[in-house]
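A.B. asks: mmCIF, C-alpha atoms, file structure_39.cif:
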data_entry
loop_
_atom_site.label_atom_id
_atom_site.label_comp_id
_atom_site.auth_asym_id
_atom_site.auth_seq_id
_atom_site.Cartn_x
_atom_site.Cartn_y
_atom_site.Cartn_z
CA MET A 254 6.53 -4.03 -42.18
CA GLY A 255 10.12 -3.45 -43.30
CA ARG A 256 12.10 -0.23 -43.15
CA THR A 257 10.60 3.18 -42.89
CA GLU A 258 12.16 6.50 -43.75
CA LEU A 259 11.63 7.98 -40.33
CA LYS A 260 14.62 8.45 -37.99
CA ARG A 261 14.35 8.72 -34.20
CA LEU A 262 16.93 11.49 -34.15
CA ASP A 263 14.96 13.64 -36.59
CA CYS A 264 11.83 13.15 -34.49
CA LEU A 265 13.68 14.17 -31.33
CA LYS A 266 15.13 17.25 -33.10
CA ALA A 267 11.60 18.24 -34.12
CA ILE A 268 10.31 18.32 -30.54
CA TYR A 269 13.51 19.22 -28.65
CA PRO A 270 12.82 22.97 -28.30
CA ARG A 271 9.31 22.23 -26.99
CA LEU A 272 10.65 20.00 -24.20
CA GLU A 273 11.73 23.06 -22.24
CA GLY A 274 9.72 23.21 -19.04
CA CYS A 275 8.46 19.65 -19.40
CA ALA A 276 9.41 16.69 -17.25
CA VAL A 277 10.95 14.29 -19.77
CA VAL A 278 11.44 10.60 -18.95
CA THR A 279 13.15 8.40 -21.52
CA ILE A 280 13.95 4.72 -21.71
CA MET A 281 17.50 3.42 -21.88
CA GLY A 282 19.67 2.91 -24.91
CA ALA A 283 19.28 4.61 -28.24
CA VAL A 284 16.46 6.96 -27.23
CA ALA A 285 18.36 8.26 -24.20
CA ALA A 286 21.65 8.58 -26.09
CA GLU A 287 20.11 10.46 -29.01
CA LEU A 288 18.18 12.88 -26.80
CA TYR A 289 21.38 13.45 -24.82
CA SER A 290 23.29 14.07 -28.06
CA LEU A 291 21.01 17.04 -28.80
CA GLY A 292 22.02 18.68 -25.53
CA HIS A 293 21.39 17.50 -22.00
CA ARG A 294 19.01 19.41 -19.78
CA PRO A 295 18.29 18.84 -16.08
CA ASN A 296 14.62 18.19 -16.84
CA PHE A 297 15.60 15.02 -18.75
CA PHE A 298 15.65 11.72 -16.83
CA TYR A 299 17.15 8.72 -18.57
CA LEU A 300 15.83 5.46 -17.07
CA GLU A 301 18.76 3.15 -17.77
CA HIS A 302 17.07 -0.02 -16.54
CA ALA A 303 13.65 -1.36 -15.50
CA MET A 304 12.29 -1.55 -19.04
CA GLY A 305 8.61 -0.71 -19.11
CA LEU A 306 8.56 1.60 -16.11
CA ALA A 307 9.31 4.92 -17.85
CA SER A 308 5.59 5.51 -18.32
CA SER A 309 4.89 4.52 -14.70
CA ILE A 310 7.44 7.09 -13.53
CA GLY A 311 5.83 9.63 -15.84
CA LEU A 312 2.45 8.83 -14.29
CA GLY A 313 3.77 9.44 -10.78
CA ILE A 314 5.16 12.83 -11.85
CA ALA A 315 2.00 13.78 -13.72
CA LEU A 316 -0.24 12.99 -10.74
CA ALA A 317 2.01 14.78 -8.24
CA GLN A 318 2.55 17.86 -10.44
CA PRO A 319 -0.69 18.23 -12.42
CA LYS A 320 0.37 21.58 -13.87
CA ARG A 321 3.61 20.16 -15.27
CA LYS A 322 3.63 18.70 -18.78
CA VAL A 323 5.17 15.25 -18.69
CA VAL A 324 6.64 13.69 -21.84
CA VAL A 325 7.55 10.01 -21.73
CA ILE A 326 9.75 8.86 -24.60
CA ASP A 327 9.35 5.11 -24.83
CA GLY A 328 10.08 2.25 -27.21
CA ASP A 329 8.19 -0.79 -28.45
CA GLY A 330 10.32 -3.27 -26.52
CA SER A 331 9.84 -1.43 -23.24
CA VAL A 332 6.13 -0.82 -23.73
CA LEU A 333 5.59 -4.51 -24.47
CA MET A 334 7.12 -5.32 -21.06
CA ASN A 335 4.44 -3.26 -19.31
CA LEU A 336 1.30 -3.38 -21.42
CA GLY A 337 -0.74 -3.30 -18.23
CA GLY A 338 0.81 0.09 -17.54
CA LEU A 339 -1.04 1.47 -20.57
CA THR A 340 -4.31 0.52 -18.87
CA THR A 341 -3.18 2.16 -15.62
CA LEU A 342 -2.31 5.34 -17.54
CA ALA A 343 -5.63 5.24 -19.35
CA ARG A 344 -7.75 4.82 -16.21
CA SER A 345 -5.73 7.43 -14.29
CA ARG A 346 -6.01 9.64 -17.37
CA PRO A 347 -3.66 12.49 -16.42
CA ASN A 348 -4.33 15.26 -18.94
CA ASN A 349 -0.71 16.47 -18.64
CA LEU A 350 1.02 13.33 -19.92
CA VAL A 351 2.13 12.58 -23.46
CA HIS A 352 3.41 9.10 -24.22
CA LEU A 353 5.67 9.04 -27.28
CA ILE A 354 6.66 5.58 -28.47
CA PHE A 355 9.40 4.99 -31.04
CA ASP A 356 8.51 1.67 -32.63
CA ASN A 357 11.48 0.18 -34.50
CA GLU A 358 10.04 -3.33 -34.28
CA THR A 359 13.13 -4.66 -32.54
CA LEU A 360 14.89 -4.84 -29.19
CA LEU A 361 17.62 -2.67 -30.67
CA SER A 362 19.42 -1.37 -27.60
CA VAL A 363 19.64 -4.69 -25.77
CA GLY A 364 21.25 -6.43 -28.72
CA GLY A 365 18.34 -7.14 -31.04
CA GLY A 366 19.56 -4.84 -33.77
CA ALA A 367 22.58 -4.84 -36.00
CA PRO A 368 24.40 -2.33 -38.22
CA GLY A 369 22.47 -1.30 -41.29
CA GLY A 370 19.12 -1.46 -39.53
CA HIS A 371 19.00 -5.25 -39.66
CA LYS A 372 16.56 -6.69 -37.14
CA TRP A 373 17.45 -10.14 -35.84
CA PHE A 374 15.41 -10.04 -32.62
CA THR A 375 12.18 -8.37 -33.53
CA THR A 376 9.32 -7.46 -31.22
CA ALA A 377 5.72 -8.41 -31.88
CA THR A 378 5.15 -5.05 -33.60
CA ALA A 379 7.13 -6.52 -36.52
CA THR A 380 4.44 -9.15 -36.95
CA GLY A 381 1.49 -6.84 -36.67
CA THR A 382 0.96 -5.82 -33.04
CA ASP A 383 -0.36 -2.27 -33.15
CA LEU A 384 0.69 -0.26 -30.09
CA ALA A 385 -1.45 2.75 -30.99
CA GLY A 386 -4.38 0.39 -31.34
CA ILE A 387 -3.62 -1.12 -27.94
CA ALA A 388 -3.35 2.32 -26.33
CA SER A 389 -6.63 3.35 -27.93
CA ALA A 390 -8.35 0.16 -26.81
CA ALA A 391 -6.87 0.62 -23.32
CA GLY A 392 -8.76 3.90 -23.12
CA PHE A 393 -6.31 6.64 -24.15
CA PRO A 394 -8.45 9.53 -25.37
CA ARG A 395 -5.93 10.11 -28.13
CA ALA A 396 -3.70 7.51 -29.77
CA GLN A 397 -2.30 7.52 -33.26
CA MET A 398 0.47 6.03 -35.34
CA VAL A 399 2.65 8.10 -37.68
CA ARG A 400 5.21 7.16 -40.32
CA GLU A 401 6.36 10.54 -41.68
CA LEU A 402 8.44 13.22 -39.97
CA GLY A 403 5.95 15.98 -40.67
CA ASP A 404 3.13 13.90 -39.26
CA PHE A 405 5.16 13.08 -36.15
CA GLU A 406 6.07 16.71 -35.56
CA GLU A 407 2.50 17.86 -35.96
CA ALA A 408 1.02 15.10 -33.79
CA ALA A 409 3.65 15.26 -31.03
CA LEU A 410 3.61 19.05 -30.72
CA ASP A 411 -0.17 19.10 -30.82
CA ALA A 412 -0.26 16.48 -28.06
CA ILE A 413 2.29 18.35 -25.91
CA ASN A 414 0.45 21.63 -26.40
CA GLY A 415 -2.90 19.96 -25.78
CA ASP A 416 -4.59 18.91 -22.59
CA GLN A 417 -5.42 15.25 -22.85
CA LEU A 418 -3.60 12.01 -22.25
CA SER A 419 -2.07 11.17 -25.61
CA CYS A 420 -0.08 8.36 -27.16
CA ILE A 421 1.83 8.94 -30.39
CA VAL A 422 3.51 5.90 -31.92
CA ALA A 423 6.17 6.64 -34.53
CA LYS A 424 7.33 3.83 -36.80
CA VAL A 425 11.09 4.44 -37.06
CA ASP A 426 14.18 2.82 -38.54
CA ALA A 427 16.00 0.26 -36.39
CA GLU A 428 19.16 2.32 -36.69
CA MET A 429 21.88 2.31 -34.04
CA PRO A 430 22.68 5.70 -32.52
CA LYS A 431 26.05 7.19 -33.48
CA SER A 432 27.07 6.75 -29.86
CA PHE A 433 25.57 5.33 -26.69
CA LEU A 434 27.62 7.79 -24.60
CA ILE A 435 25.80 9.69 -21.88
CA ASP A 436 28.32 11.72 -19.93
CA VAL A 437 26.00 12.37 -17.01
CA HIS A 438 26.23 9.75 -14.29
CA MET A 439 22.98 7.99 -13.48
CA LEU A 440 23.03 9.29 -9.91
CA GLU A 441 23.91 12.82 -11.01
CA ASN A 442 20.90 12.63 -13.33
CA ARG A 443 18.77 11.14 -10.55
CA PHE A 444 19.45 14.08 -8.22
CA GLU A 445 19.41 16.95 -10.72
CA PHE A 446 16.06 15.85 -12.17
CA PRO A 447 13.89 16.28 -9.03
CA ARG A 448 15.76 19.49 -8.22
CA ALA A 449 14.75 20.84 -11.61
CA LEU A 450 11.16 19.71 -11.11
CA GLN A 451 10.90 21.16 -7.62
CA THR A 452 12.68 24.48 -8.14
CA LYS A 453 10.25 27.31 -8.61
CA GLY A 454 11.36 29.48 -11.49
CA GLY A 455 14.21 27.03 -11.98
CA VAL A 456 16.41 26.44 -14.95
CA ILE A 457 14.10 24.11 -16.82
CA MET B 481 -11.81 -1.57 10.10
CA ALA B 482 -10.63 0.23 13.25
CA ASN B 483 -7.07 -1.01 12.77
CA SER B 484 -7.10 -0.12 9.09
CA GLN B 485 -8.10 3.40 10.16
CA VAL B 486 -5.10 3.52 12.48
CA VAL B 487 -2.82 2.49 9.59
CA TYR B 488 -4.45 4.98 7.24
CA ASP B 489 -4.20 7.84 9.72
CA ALA B 490 -0.54 7.03 10.31
CA MET B 491 0.17 7.16 6.57
CA LYS B 492 -1.57 10.54 6.33
CA GLY B 493 0.41 11.65 9.36
CA VAL B 494 3.74 11.13 7.60
CA GLY B 495 2.62 13.20 4.62
CA ILE B 496 1.65 10.48 2.16
CA THR B 497 -0.56 11.92 -0.58
CA LEU B 498 -0.35 9.12 -3.15
CA LEU B 499 -1.02 5.42 -2.73
CA SER B 500 -0.67 2.77 -5.39
CA ALA B 501 -2.36 -0.53 -4.75
CA LEU B 502 -3.78 -3.82 -5.80
CA PRO B 503 -6.48 -5.28 -3.60
CA GLU B 504 -6.03 -8.03 -1.07
CA THR B 505 -8.51 -9.27 1.51
CA TRP B 506 -6.65 -7.55 4.33
CA LEU B 507 -6.26 -4.29 2.37
CA VAL B 508 -9.83 -3.62 1.28
CA HIS B 509 -10.60 -1.12 4.05
CA LEU B 510 -7.36 0.80 3.51
CA ILE B 511 -8.00 1.04 -0.21
CA ARG B 512 -11.58 2.19 0.36
CA MET B 513 -10.34 4.90 2.74
CA ALA B 514 -7.90 6.12 0.12
CA ASP B 515 -10.60 6.08 -2.53
CA GLU B 516 -12.97 8.14 -0.39
CA ASP B 517 -10.33 10.68 0.66
CA PRO B 518 -10.25 13.64 -1.75
CA ALA B 519 -6.80 14.57 -0.46
CA MET B 520 -5.34 11.17 -1.45
CA THR B 521 -4.43 10.09 -4.98
CA LEU B 522 -5.15 6.38 -5.38
CA VAL B 523 -3.49 4.65 -8.33
CA ARG B 524 -5.11 1.34 -9.16
CA LEU B 525 -2.33 -0.77 -10.62
CA ALA B 526 -2.55 -3.60 -13.10
CA LYS B 527 0.60 -5.18 -11.65
CA GLU B 528 2.71 -4.23 -8.65
CA GLU B 529 5.97 -3.42 -10.44
CA GLU B 530 4.29 -0.36 -11.95
CA GLY B 531 3.85 1.04 -8.44
CA VAL B 532 7.61 1.23 -7.99
CA GLY B 533 7.77 3.54 -11.00
CA VAL B 534 4.78 5.57 -9.86
CA SER B 535 6.37 6.09 -6.43
CA ALA B 536 9.68 7.08 -8.04
CA GLY B 537 7.89 9.65 -10.20
CA ALA B 538 6.03 11.01 -7.20
CA HIS B 539 9.33 11.31 -5.33
CA PHE B 540 10.91 13.21 -8.24
CA ALA B 541 7.94 15.56 -8.20
CA GLY B 542 8.23 16.14 -4.46
CA ALA B 543 5.35 13.99 -3.19
CA ARG B 544 5.40 11.24 -0.57
CA SER B 545 3.83 7.94 -1.49
CA ALA B 546 3.46 4.32 -0.46
CA MET B 547 2.57 1.01 -2.05
CA LEU B 548 -0.07 -1.35 -0.68
CA LEU B 549 0.62 -4.91 -1.73
CA GLN B 550 0.76 -8.54 -0.68
CA ASN B 551 3.59 -11.08 -0.56
CA HIS B 552 3.15 -12.14 -4.17
CA GLY B 553 2.85 -8.52 -5.23
CA PHE B 554 6.19 -7.84 -3.61
CA LEU B 555 7.73 -10.81 -5.39
CA GLN B 556 6.25 -9.53 -8.64
CA ALA B 557 7.81 -6.08 -8.16
CA ILE B 558 11.38 -7.22 -7.54
CA ASN B 559 12.82 -6.12 -10.89
CA GLY B 560 11.43 -2.62 -10.43
CA ILE B 561 12.69 -2.45 -6.86
CA VAL B 562 16.20 -3.41 -8.01
CA GLY B 563 16.21 -1.49 -11.31
CA VAL B 564 14.63 1.72 -10.03
CA SER B 565 14.61 2.05 -6.23
CA LEU B 566 17.93 0.44 -5.40
CA LEU B 567 19.81 1.38 -8.58
CA TYR B 568 18.76 5.03 -8.43
CA LYS B 569 18.56 5.37 -4.63
CA ILE B 570 14.91 6.31 -4.39
CA PRO B 571 12.83 6.08 -1.18
CA LEU B 572 10.01 3.54 -1.37
CA LEU B 573 7.64 2.66 1.47
CA MET B 574 5.95 -0.71 1.00
CA LEU B 575 3.11 -1.91 3.22
CA ILE B 576 2.95 -5.63 2.58
CA THR B 577 0.16 -7.79 4.00
CA ASP B 578 2.05 -10.81 5.24
CA ARG B 579 0.01 -13.84 4.37
CA GLY B 580 0.93 -17.45 4.87
CA SER B 581 1.97 -17.38 8.52
CA PHE B 582 0.41 -19.29 11.47
CA GLY B 583 -3.34 -19.21 11.18
CA GLU B 584 -3.44 -19.10 7.38
CA LYS B 585 -6.51 -21.00 6.15
CA ASP B 586 -6.06 -20.43 2.41
CA PRO B 587 -3.77 -23.11 0.94
CA TRP B 588 -2.83 -20.81 -1.98
CA GLN B 589 -1.45 -18.20 0.41
CA THR B 590 0.95 -20.52 2.17
CA GLU B 591 3.92 -20.29 -0.20
CA GLY B 592 4.57 -16.60 -0.94
CA GLY B 593 4.92 -15.63 2.69
CA LYS B 594 7.81 -18.02 3.20
CA TYR B 595 10.06 -16.09 0.85
CA THR B 596 9.16 -12.49 1.66
CA ARG B 597 11.61 -12.00 4.53
CA PRO B 598 14.50 -13.88 2.89
CA VAL B 599 14.09 -11.82 -0.29
CA LEU B 600 13.86 -8.56 1.68
CA ASP B 601 17.03 -9.59 3.54
CA ALA B 602 18.79 -10.60 0.31
CA LEU B 603 18.11 -7.12 -1.05
CA HIS B 604 19.19 -5.50 2.25
CA ILE B 605 15.78 -3.87 2.56
CA ALA B 606 15.03 -2.84 6.14
CA HIS B 607 11.75 -4.28 7.38
CA ASP B 608 9.65 -4.62 10.51
CA ASP B 609 6.32 -6.17 11.46
CA LEU B 610 3.14 -4.28 12.30
CA ARG B 611 1.17 -6.42 14.71
CA ARG B 612 -0.41 -4.19 17.38
CA PRO B 613 -2.40 -0.98 16.86
CA ASP B 614 -0.25 0.94 19.33
CA GLU B 615 2.93 0.30 17.32
CA VAL B 616 1.45 1.35 13.98
CA GLN B 617 1.97 5.10 14.15
CA PRO B 618 5.55 5.12 15.45
CA LYS B 619 6.71 2.35 13.13
CA ILE B 620 5.20 3.94 10.01
CA ALA B 621 6.80 7.25 11.00
CA HIS B 622 10.16 5.57 11.58
CA ALA B 623 9.91 3.61 8.33
CA MET B 624 9.24 6.78 6.34
CA THR B 625 12.08 8.59 8.10
CA LEU B 626 14.51 5.79 7.22
CA ALA B 627 13.29 5.55 3.62
CA GLN B 628 13.84 9.29 3.13
CA ALA B 629 17.20 9.36 4.93
CA SER B 630 18.63 6.23 3.29
CA LEU B 631 17.02 6.85 -0.12
CA SER B 632 16.02 3.19 -0.09
CA PRO B 633 13.04 0.89 -0.07
CA VAL B 634 11.72 -0.08 3.35
CA ALA B 635 8.96 -2.56 4.15
CA LEU B 636 6.37 -2.96 6.87
CA LEU B 637 4.83 -6.41 7.07
CA LEU B 638 1.19 -6.14 8.14
CA GLN B 639 0.34 -9.12 10.33
CA ARG B 640 -2.81 -11.17 10.71
CA ASP B 641 -3.49 -9.95 14.28
CA LEU B 642 -3.63 -6.36 13.02
CA MET B 643 -5.36 -6.76 9.67
CA TRP B 644 -7.65 -9.76 9.70
CA GLU B 645 -11.28 -9.22 10.59
CA GLU B 646 -13.86 -11.97 10.59
CA PRO B 647 -16.55 -11.25 7.99
CA ASN B 648 -19.75 -9.89 9.55
#
Can I see the file as structure tokens?
C.D. replies:
Amino acid sequence: MGRTELKRLDCLKAIYPRLEGCAVVTIMGAVAAELYSLGHRPNFFYLEHAMGLASSIGLGIALAQPKRKVVVIDGDGSVLMNLGGLTTLARSRPNNLVHLIFDNETLLSVGGGAPGGHKWFTTATATGTDLAGIASAAGFPRAQMVRELGDFEEAALDAINGDQLSCIVAKVDAEMPKSFLIDVHMLENRFEFPRALQTKGGVI
Amino acid sequence: MANSQVVYDAMKGVGITLLSALPETWLVHLIRMADEDPAMTLVRLAKEEEGVGVSAGAHFAGARSAMLLQNHGFLQAINGIVGVSLLYKIPLLMLITDRGSFGEKDPWQTEGGKYTRPVLDALHIAHDDLRRPDEVQPKIAHAMTLAQASLSPVALLLQRDLMWEEPN
């Protein structure tokens, strides 16, 4: 599999403006830190633990607020801890949920990566497990894998603007974020997020 | 069936609009009622820990929810309960069928029940038993009130006397 040219941060930059008005749930670590680095918004929730449950949280939001677009930003390590959750998403089939998965083929943020993009604790996607294929076989009406920035931007924006449960897997470099700093306390984030989701005409 | 209806009506009465569940012999009527109720969203889980996330998402979105599970389902969900509900202070109402107590005929159900209360106590999760139909409504209402006020998980342990019905 090896290195790709695609960077998580560039992918996040490409969709960042479109996240306005969405409920965004990210996993911990690099994904959360890089989204935060682009500018925190109260409609972003960073799940700093419970790997695998970001998509389950997204499902709960999507079912309770069917008119709200929900964007889950996941990673291969987390998804592999809750593969059954893909089947629950698929059978519930909320048409307002988009599941983005950054697949760097390693457990980067919990110590499986190293400077320079070296992968010393890979996930099974490094040996051929195809998460888009799994999502498709689970019953997602749309699931695809992308390796180029332009393809990611087109697929992700099309999915967010569309009206069907979608899974976009982006093969990205196993690069550390410049910083893991998130200067919003977990509990501050936990309380501002539902306020943003439940405020009519609110700031999101 | 009559007692399951009492439990179901009590859940509706406290504003629950979303249930996540895996089946269990004692829960089949409750799950059927949820499935047949157009005003209830039933999420059929693959594994119980997912339900903790689903309930957290529903809470963020302003909806009240509950999980229907069994002793082993509770044990399976512990990481989610600690890493989502307790860590982030999120209300979570769990209705746990409490197998393995006096009267249990199934050998495979005799272990999980032994650890449910000690684990709930270790996590400082408030819990109470539901044994009689007349205590169902007030205890479910009180459990939901405490979950919402304390921003914590709470558990009701559904007992054999309430839930078990001999097959027709």
A.B. asks: For chain A, report every residue with an atom at most 10 Å from chain B (counting only C-alpha atoms), formatted as a ChimeraX atom specification.
C.D. replies: /A:276,278,298,300-319,321,335-342,344-345,439-451
A.B. asks: Rounded to one decimal, what separation in Å do you get between atom CA of A:Ala343 and atom CA of A:Phe393?
C.D. replies: 5.0 Å
A.B. asks: Pull the neighbourhood of (12.2, 9.4, -36.7) for me: all residues within 8 Å in file coordinates, counting all atoms listed in the file, as a PyMOL selection string.
C.D. replies: chain A and resi 258-265+355+401-402+405+423-426
A.B. asks: Applying the PyMOL selection byres ((chain B and resi 596-613) around 8) to the file I just gave you, which residues come out? Please list them as a PyMOL selection string.
C.D. replies: chain B and resi 483+486+551+554-555+592-595+614-617+619+632-642
A.B. asks: Which residues, named as in the file, does the PyMOL selection byres ((chain A and resi 430) around 8) pick out? Answer as a ChimeraX atom specification.
C.D. replies: /A:283,286-287,428-429,431-433
A.B. asks: Residues near stretch 409-412 of chain A, anyone? I mean within 7 Å using all atoms listed in the file, not counting same-chain ones fewer than 4 positions away, as a short mmCIF file (atom, residue, chain, number, x, y, z; two decimals) with C-alpha atoms, in the frame of the given file.
C.D. replies:
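In the end it all went to result07.cif:
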data_model
loop_
_atom_site.label_atom_id
_atom_site.label_comp_id
_atom_site.auth_asym_id
_atom_site.auth_seq_id
_atom_site.Cartn_x
_atom_site.Cartn_y
_atom_site.Cartn_z
CA ILE A 268 10.31 18.32 -30.54
CA VAL A 351 2.13 12.58 -23.46
CA PHE A 405 5.16 13.08 -36.15
CA SER A 419 -2.07 11.17 -25.61
CA ILE A 421 1.83 8.94 -30.39
#
A.B. asks: The PyMOL selection byres ((chain B and resi 517) around 12) on the file shown: which residues, as number ranges by chain?
C.D. replies: B: 488-489, 492, 497-499, 510-516, 518-522
A.B. asks: Select, from A:Val399, A:Ala379, A:Ile326, A:Ala388, the residue with the minimum atom-to-atom distance to A:Val284, counting all atoms listed in the file.
C.D. replies: A:Ile326
A.B. asks: Could you state the separation of atom CA of A:Leu333 and atom CA of B:Ala501 in Å, given to one decimal place?
C.D. replies: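 Atom CA of B:Ala501 lies at a distance of 21.6 Å from atom CA of A:Leu333.
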A.B. asks: Of the residues A:Asn296, A:Asp329, A:Ile354, A:Gly282, which is the one nearest to A:Ala377, using all atoms listed in the file?
C.D. replies: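 Result for the nearest residue to A:Ala377: A:Asp329.
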A.B. asks: What separation in Å, quoted to one decimal, exists between atom CA of B:Pro503 and atom CA of B:Ala623?
C.D. replies: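 Going from atom CA of B:Pro503 over to atom CA of B:Ala623, I get 22.1 Å.
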A.B. asks: Which is closest to A:Ala391 among A:Glu406, A:Arg346, A:Tyr299, A:Lys372, if we use only C-alpha atoms?
C.D. replies: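 So, comparing all the options, the nearest one is A:Arg346.
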A.B. asks: Find the axis-aligned box for stretch 299-316 of chain A, covering all its listed atoms and adding 6 Å on each side, and write its centre and edge lengths in Å to one decimal as JSON.
C.D. replies:
{"center_x": 9.3, "center_y": 6.1, "center_z": -14.9, "size_x": 31.0, "size_y": 27.3, "size_z": 20.4}
A.B. asks: For A:Gln417, which residue among A:Cys275, A:Leu350, A:Ile387, A:Met334 is the nearest when counting all atoms listed in the file?
C.D. replies: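 Nearest candidate to A:Gln417 out of A:Cys275, A:Leu350, A:Ile387, A:Met334: A:Leu350.
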A.B. asks: Please complete stretch 398-405 of chain A so it has all heavy atoms, and hand it over as a JSON list (two decimals), keeping the file's coordinate frame.
C.D. replies:
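out22.json, freshly written:
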[["chain", "number", "residue", "atom", "x", "y", "z"],
["A", 398, "MET", "N", -0.81, 6.47, -34.82],
["A", 398, "MET", "CA", 0.47, 6.03, -35.34],
["A", 398, "MET", "C", 0.87, 6.92, -36.52],
["A", 398, "MET", "O", 0.02, 7.29, -37.32],
["A", 398, "MET", "CB", 0.38, 4.58, -35.81],
["A", 398, "MET", "CG", 1.74, 3.99, -36.21],
["A", 398, "MET", "SD", 1.54, 2.60, -37.32],
["A", 398, "MET", "CE", 0.95, 1.38, -36.16],
["A", 399, "VAL", "N", 2.17, 7.27, -36.58],
["A", 399, "VAL", "CA", 2.65, 8.10, -37.68],
["A", 399, "VAL", "C", 3.88, 7.45, -38.32],
["A", 399, "VAL", "O", 4.61, 6.69, -37.65],
["A", 399, "VAL", "CB", 3.01, 9.53, -37.21],
["A", 399, "VAL", "CG1", 1.76, 10.27, -36.74],
["A", 399, "VAL", "CG2", 4.06, 9.51, -36.11],
["A", 400, "ARG", "N", 4.08, 7.75, -39.58],
["A", 400, "ARG", "CA", 5.21, 7.16, -40.32],
["A", 400, "ARG", "C", 6.08, 8.22, -41.01],
["A", 400, "ARG", "O", 7.13, 7.89, -41.56],
["A", 400, "ARG", "CB", 4.70, 6.19, -41.38],
["A", 400, "ARG", "CG", 4.01, 4.97, -40.81],
["A", 400, "ARG", "CD", 3.42, 4.09, -41.91],
["A", 400, "ARG", "NE", 2.75, 2.92, -41.35],
["A", 400, "ARG", "CZ", 3.36, 1.80, -41.01],
["A", 400, "ARG", "NH1", 4.66, 1.67, -41.20],
["A", 400, "ARG", "NH2", 2.67, 0.80, -40.49],
["A", 401, "GLU", "N", 5.63, 9.46, -41.00],
["A", 401, "GLU", "CA", 6.36, 10.54, -41.68],
["A", 401, "GLU", "C", 6.78, 11.59, -40.66],
["A", 401, "GLU", "O", 6.05, 11.85, -39.70],
["A", 401, "GLU", "CB", 5.46, 11.21, -42.73],
["A", 401, "GLU", "CG", 4.84, 10.27, -43.73],
["A", 401, "GLU", "CD", 5.84, 9.77, -44.76],
["A", 401, "GLU", "OE1", 6.88, 10.45, -44.96],
["A", 401, "GLU", "OE2", 5.60, 8.72, -45.36],
["A", 402, "LEU", "N", 7.92, 12.24, -40.92],
["A", 402, "LEU", "CA", 8.44, 13.22, -39.97],
["A", 402, "LEU", "C", 7.45, 14.36, -39.74],
["A", 402, "LEU", "O", 7.21, 14.77, -38.60],
["A", 402, "LEU", "CB", 9.79, 13.77, -40.46],
["A", 402, "LEU", "CG", 10.45, 14.78, -39.52],
["A", 402, "LEU", "CD1", 10.70, 14.19, -38.14],
["A", 402, "LEU", "CD2", 11.79, 15.28, -40.12],
["A", 403, "GLY", "N", 6.89, 14.87, -40.81],
["A", 403, "GLY", "CA", 5.95, 15.98, -40.67],
["A", 403, "GLY", "C", 4.74, 15.60, -39.83],
["A", 403, "GLY", "O", 4.26, 16.39, -39.01],
["A", 404, "ASP", "N", 4.28, 14.38, -40.04],
["A", 404, "ASP", "CA", 3.13, 13.90, -39.26],
["A", 404, "ASP", "C", 3.50, 13.74, -37.79],
["A", 404, "ASP", "O", 2.70, 14.05, -36.90],
["A", 404, "ASP", "CB", 2.63, 12.56, -39.81],
["A", 404, "ASP", "CG", 2.04, 12.68, -41.20],
["A", 404, "ASP", "OD1", 1.69, 13.82, -41.59],
["A", 404, "ASP", "OD2", 1.95, 11.65, -41.90],
["A", 405, "PHE", "N", 4.73, 13.23, -37.54],
["A", 405, "PHE", "CA", 5.16, 13.08, -36.15],
["A", 405, "PHE", "C", 5.23, 14.43, -35.47],
["A", 405, "PHE", "O", 4.73, 14.63, -34.36],
["A", 405, "PHE", "CB", 6.53, 12.39, -36.06],
["A", 405, "PHE", "CG", 7.07, 12.38, -34.65],
["A", 405, "PHE", "CD1", 6.62, 11.44, -33.72],
["A", 405, "PHE", "CD2", 7.99, 13.35, -34.22],
["A", 405, "PHE", "CE1", 7.08, 11.47, -32.42],
["A", 405, "PHE", "CE2", 8.44, 13.38, -32.92],
["A", 405, "PHE", "CZ", 7.99, 12.43, -32.01]]
